[in-house]
Amino acid sequence: MAVKVRPLHDRLIIERIEETEQMVGGIIIPDTAKEKPQQGKVIAVGKGKVKDDGTVSPLDVQAGDKVLFGKYSGQEIKLDGDEFLIMREDEILGVLESD
């Protein structure tokens with residue numbers, strides 16, 4: 001999927017990764033009561049944070065990384081009918097490493 005938006009400076013565009021549904025004791029939780037996932041895949045990144053002296057420090061996260069973020073992090077946006085989050089790099093809690 002190609003995103004037609006390039007985030008500025010130290011911002012990222014993230015697509016939420018839906019967690020697998022688990023039923024405990026046969027109780028099904030309706031979609032409105034479920035919490036949104038706190039994991040996502042980085043779709044696009046900005047060029048980096050601009051420091052006071054004008055230099056640009058590159059971001060640690062790259063497009064394609066799977067990341068963890070806080071429950072209320074970022075701003076929700078819709079692009080071509082799909083929902084994404086746009087947030088600053090400092091709102092990312094960690095990068096998920098694969099074995």
# chains A, B, ... in the order shown; residues from 1 in each chain; ligands from 1
>>> residues_around(residues="A:Lys51", least_positions_apart="5", cutoff="12 Å", atoms="only C-alpha atoms", output="list in words")
His9, Asp10, Val56, Ser57 and Pro58 of chain A
>>> write_last_selection(atoms="C-alpha atoms", output="compact mmCIF listing (two decimals), in the first residue's frame")
# COMPACT_ATOMS: atom_id res chain seq x y z
CA HIS A 9 10.20 16.38 10.77
CA ASP A 10 10.05 13.72 13.54
CA VAL A 56 18.67 17.40 11.39
CA SER A 57 19.04 14.32 13.59
CA PRO A 58 17.72 11.18 11.82
>>> residues_around(residues="A:Gly74", least_positions_apart="2", cutoff="12 Å", atoms="only C-alpha atoms", output="PDB file with N, CA and C atoms, in the first residue's frame")
ATOM      1  N   ARG A  11       7.823  13.143  12.751  1.00  0.00           N
ATOM      2  CA  ARG A  11       6.526  12.462  12.826  1.00  0.00           C
ATOM      3  C   ARG A  11       6.542  11.170  12.019  1.00  0.00           C
ATOM      4  N   LEU A  12       5.642  10.256  12.403  1.00  0.00           N
ATOM      5  CA  LEU A  12       5.510   8.943  11.769  1.00  0.00           C
ATOM      6  C   LEU A  12       4.056   8.696  11.429  1.00  0.00           C
ATOM      7  N   ILE A  13       3.799   7.927  10.389  1.00  0.00           N
ATOM      8  CA  ILE A  13       2.455   7.445  10.098  1.00  0.00           C
ATOM      9  C   ILE A  13       2.453   5.960  10.413  1.00  0.00           C
ATOM     10  N   ILE A  14       1.497   5.551  11.251  1.00  0.00           N
ATOM     11  CA  ILE A  14       1.458   4.179  11.757  1.00  0.00           C
ATOM     12  C   ILE A  14       0.098   3.561  11.462  1.00  0.00           C
ATOM     13  N   GLU A  15       0.132   2.306  11.022  1.00  0.00           N
ATOM     14  CA  GLU A  15      -1.086   1.530  10.819  1.00  0.00           C
ATOM     15  C   GLU A  15      -1.204   0.558  11.986  1.00  0.00           C
ATOM     16  N   ARG A  16      -2.335   0.575  12.670  1.00  0.00           N
ATOM     17  CA  ARG A  16      -2.530  -0.321  13.809  1.00  0.00           C
ATOM     18  C   ARG A  16      -2.518  -1.773  13.352  1.00  0.00           C
ATOM     19  N   GLN A  38      -2.318  -1.465  20.702  1.00  0.00           N
ATOM     20  CA  GLN A  38      -1.239  -0.520  20.980  1.00  0.00           C
ATOM     21  C   GLN A  38       0.029  -0.924  20.247  1.00  0.00           C
ATOM     22  N   GLY A  40       1.687  -1.272  16.166  1.00  0.00           N
ATOM     23  CA  GLY A  40       1.453  -0.835  14.807  1.00  0.00           C
ATOM     24  C   GLY A  40       2.675  -1.009  13.934  1.00  0.00           C
ATOM     25  N   PHE A  69       3.156   1.663  21.224  1.00  0.00           N
ATOM     26  CA  PHE A  69       2.892   3.052  21.585  1.00  0.00           C
ATOM     27  C   PHE A  69       1.833   3.099  22.667  1.00  0.00           C
ATOM     28  N   GLY A  70       1.708   4.234  23.323  1.00  0.00           N
ATOM     29  CA  GLY A  70       0.766   4.404  24.417  1.00  0.00           C
ATOM     30  C   GLY A  70      -0.679   4.387  23.949  1.00  0.00           C
ATOM     31  N   LYS A  71      -1.568   4.134  24.887  1.00  0.00           N
ATOM     32  CA  LYS A  71      -2.993   3.999  24.598  1.00  0.00           C
ATOM     33  C   LYS A  71      -3.581   5.254  23.948  1.00  0.00           C
ATOM     34  N   TYR A  72      -3.144   6.417  24.396  1.00  0.00           N
ATOM     35  CA  TYR A  72      -3.723   7.666  23.897  1.00  0.00           C
ATOM     36  C   TYR A  72      -2.737   8.455  23.047  1.00  0.00           C
ATOM     37  N   GLU A  76      -5.553  10.335  15.215  1.00  0.00           N
ATOM     38  CA  GLU A  76      -6.111   9.440  14.207  1.00  0.00           C
ATOM     39  C   GLU A  76      -6.423  10.220  12.945  1.00  0.00           C
ATOM     40  N   ILE A  77      -6.051   9.655  11.800  1.00  0.00           N
ATOM     41  CA  ILE A  77      -6.346  10.273  10.509  1.00  0.00           C
ATOM     42  C   ILE A  77      -6.892   9.199   9.578  1.00  0.00           C
ATOM     43  N   PHE A  84      -5.247   5.575  10.139  1.00  0.00           N
ATOM     44  CA  PHE A  84      -3.845   5.577  10.531  1.00  0.00           C
ATOM     45  C   PHE A  84      -3.675   6.465  11.748  1.00  0.00           C
ATOM     46  N   LEU A  85      -2.513   6.382  12.367  1.00  0.00           N
ATOM     47  CA  LEU A  85      -2.120   7.288  13.440  1.00  0.00           C
ATOM     48  C   LEU A  85      -0.932   8.100  12.957  1.00  0.00           C
ATOM     49  N   ILE A  86      -0.901   9.365  13.312  1.00  0.00           N
ATOM     50  CA  ILE A  86       0.271  10.177  13.059  1.00  0.00           C
ATOM     51  C   ILE A  86       0.763  10.657  14.419  1.00  0.00           C
ATOM     52  N   MET A  87       2.045  10.404  14.701  1.00  0.00           N
ATOM     53  CA  MET A  87       2.587  10.760  16.010  1.00  0.00           C
ATOM     54  C   MET A  87       4.059  11.090  15.895  1.00  0.00           C
ATOM     55  N   ARG A  88       4.577  11.721  16.929  1.00  0.00           N
ATOM     56  CA  ARG A  88       6.006  12.033  16.995  1.00  0.00           C
ATOM     57  C   ARG A  88       6.779  10.797  17.427  1.00  0.00           C
ATOM     58  N   GLU A  89       8.049  10.766  17.085  1.00  0.00           N
ATOM     59  CA  GLU A  89       8.877   9.622  17.433  1.00  0.00           C
ATOM     60  C   GLU A  89       8.984   9.434  18.941  1.00  0.00           C
ATOM     61  N   ASP A  90       8.955  10.517  19.717  1.00  0.00           N
ATOM     62  CA  ASP A  90       9.100  10.369  21.173  1.00  0.00           C
ATOM     63  C   ASP A  90       7.867   9.759  21.837  1.00  0.00           C
ATOM     64  N   GLU A  91       6.763   9.558  21.094  1.00  0.00           N
ATOM     65  CA  GLU A  91       5.590   8.869  21.628  1.00  0.00           C
ATOM     66  C   GLU A  91       5.704   7.352  21.480  1.00  0.00           C
ATOM     67  N   ILE A  92       6.704   6.885  20.725  1.00  0.00           N
ATOM     68  CA  ILE A  92       6.926   5.453  20.532  1.00  0.00           C
ATOM     69  C   ILE A  92       7.602   4.904  21.785  1.00  0.00           C
TER      70      ILE A  92
END
>>> atom_distance(atom1="atom CA of A:Leu8", atom2="atom CA of A:Gly48")
8.0 Å
>>> select_by_dssp(residues="stretch 51-84 of chain A", states="strand (DSSP E)", output="list in words")
Val56, Ser57, Lys66, Val67, Leu68, Phe69, Gln75, Glu76, Ile77, Lys78, Leu79, Asp82, Glu83 and Phe84 of chain A
>>> write_last_selection(atoms="all heavy atoms", output="short mmCIF file (atom, residue, chain, number, x, y, z; two decimals), in the first residue's frame")
data_model
loop_
_atom_site.label_atom_id
_atom_site.label_comp_id
_atom_site.auth_asym_id
_atom_site.auth_seq_id
_atom_site.Cartn_x
_atom_site.Cartn_y
_atom_site.Cartn_z
N VAL A 56 19.76 18.38 11.32
CA VAL A 56 18.67 17.40 11.39
C VAL A 56 19.22 16.10 11.96
O VAL A 56 20.18 15.55 11.43
CB VAL A 56 18.07 17.15 10.00
CG1 VAL A 56 16.99 16.07 10.06
CG2 VAL A 56 17.50 18.43 9.43
N SER A 57 18.62 15.61 13.04
CA SER A 57 19.04 14.32 13.59
C SER A 57 18.07 13.25 13.07
O SER A 57 16.86 13.38 13.23
CB SER A 57 19.08 14.35 15.11
OG SER A 57 17.86 14.04 15.68
N LYS A 66 7.83 -2.63 13.40
CA LYS A 66 6.65 -2.83 14.25
C LYS A 66 6.96 -2.19 15.59
O LYS A 66 8.01 -2.45 16.18
CB LYS A 66 6.33 -4.31 14.42
CG LYS A 66 5.83 -4.94 13.15
CD LYS A 66 5.44 -6.37 13.34
CE LYS A 66 4.97 -6.96 12.03
NZ LYS A 66 4.62 -8.37 12.18
N VAL A 67 6.05 -1.33 16.06
CA VAL A 67 6.32 -0.53 17.25
C VAL A 67 5.20 -0.66 18.27
O VAL A 67 4.08 -1.05 17.95
CB VAL A 67 6.51 0.96 16.88
CG1 VAL A 67 7.74 1.16 16.03
CG2 VAL A 67 5.29 1.53 16.18
N LEU A 68 5.53 -0.32 19.51
CA LEU A 68 4.57 -0.21 20.61
C LEU A 68 4.39 1.26 20.93
O LEU A 68 5.37 2.02 20.93
CB LEU A 68 5.09 -0.94 21.85
CG LEU A 68 5.29 -2.42 21.75
CD1 LEU A 68 5.99 -2.94 23.01
CD2 LEU A 68 3.95 -3.13 21.59
N PHE A 69 3.16 1.66 21.22
CA PHE A 69 2.89 3.05 21.59
C PHE A 69 1.83 3.10 22.67
O PHE A 69 1.15 2.11 22.93
CB PHE A 69 2.47 3.88 20.36
CG PHE A 69 1.39 3.25 19.53
CD1 PHE A 69 0.06 3.43 19.83
CD2 PHE A 69 1.72 2.45 18.45
CE1 PHE A 69 -0.94 2.85 19.08
CE2 PHE A 69 0.73 1.86 17.67
CZ PHE A 69 -0.60 2.06 17.99
N GLN A 75 -2.54 11.13 16.74
CA GLN A 75 -3.80 11.65 16.23
C GLN A 75 -4.28 10.69 15.15
O GLN A 75 -3.52 10.28 14.29
CB GLN A 75 -3.60 13.03 15.59
CG GLN A 75 -3.19 14.10 16.57
CD GLN A 75 -4.32 14.44 17.51
OE1 GLN A 75 -5.47 14.57 17.10
NE2 GLN A 75 -4.01 14.57 18.78
N GLU A 76 -5.55 10.33 15.21
CA GLU A 76 -6.11 9.44 14.21
C GLU A 76 -6.42 10.22 12.94
O GLU A 76 -6.98 11.32 13.00
CB GLU A 76 -7.37 8.76 14.73
CG GLU A 76 -7.09 7.79 15.85
CD GLU A 76 -8.33 7.04 16.32
OE1 GLU A 76 -9.43 7.28 15.77
OE2 GLU A 76 -8.20 6.21 17.22
N ILE A 77 -6.05 9.65 11.80
CA ILE A 77 -6.35 10.27 10.51
C ILE A 77 -6.89 9.20 9.58
O ILE A 77 -6.68 8.01 9.79
CB ILE A 77 -5.09 10.93 9.88
CG1 ILE A 77 -3.97 9.90 9.70
CG2 ILE A 77 -4.61 12.10 10.70
CD1 ILE A 77 -2.79 10.42 8.90
N LYS A 78 -7.62 9.62 8.54
CA LYS A 78 -8.13 8.70 7.52
C LYS A 78 -7.53 9.10 6.19
O LYS A 78 -7.57 10.27 5.80
CB LYS A 78 -9.65 8.77 7.44
CG LYS A 78 -10.34 7.96 8.47
CD LYS A 78 -11.80 7.76 8.13
CE LYS A 78 -12.41 6.86 9.18
NZ LYS A 78 -13.76 6.49 8.84
N LEU A 79 -6.94 8.11 5.50
CA LEU A 79 -6.40 8.31 4.16
C LEU A 79 -7.01 7.25 3.25
O LEU A 79 -6.85 6.06 3.50
CB LEU A 79 -4.88 8.17 4.16
CG LEU A 79 -4.10 9.16 5.02
CD1 LEU A 79 -2.63 8.77 5.06
CD2 LEU A 79 -4.24 10.55 4.46
N ASP A 82 -8.84 4.36 4.90
CA ASP A 82 -8.13 3.57 5.91
C ASP A 82 -7.73 4.46 7.07
O ASP A 82 -7.39 5.63 6.88
CB ASP A 82 -6.87 2.93 5.31
CG ASP A 82 -7.20 1.92 4.22
OD1 ASP A 82 -8.21 1.22 4.36
OD2 ASP A 82 -6.44 1.85 3.24
N GLU A 83 -7.74 3.90 8.29
CA GLU A 83 -7.37 4.67 9.48
C GLU A 83 -5.91 4.47 9.82
O GLU A 83 -5.39 3.36 9.80
CB GLU A 83 -8.24 4.24 10.67
CG GLU A 83 -9.67 4.71 10.55
CD GLU A 83 -10.45 4.45 11.82
OE1 GLU A 83 -9.85 4.17 12.88
OE2 GLU A 83 -11.69 4.54 11.75
N PHE A 84 -5.25 5.57 10.14
CA PHE A 84 -3.85 5.58 10.53
C PHE A 84 -3.68 6.46 11.75
O PHE A 84 -4.58 7.23 12.11
CB PHE A 84 -2.96 6.11 9.39
CG PHE A 84 -2.99 5.28 8.15
CD1 PHE A 84 -3.84 5.59 7.11
CD2 PHE A 84 -2.16 4.18 8.02
CE1 PHE A 84 -3.87 4.83 5.96
CE2 PHE A 84 -2.19 3.40 6.88
CZ PHE A 84 -3.05 3.73 5.85
#
>>> closest_residue(among="A:Ala63, A:Ile17, A:Ile43, A:Val50", to="A:Val5", atoms="only C-alpha atoms")
A:Ile43
>>> atom_distance(atom1="atom CA of A:Arg6", atom2="atom CA of A:Asp52")
22.6 Å
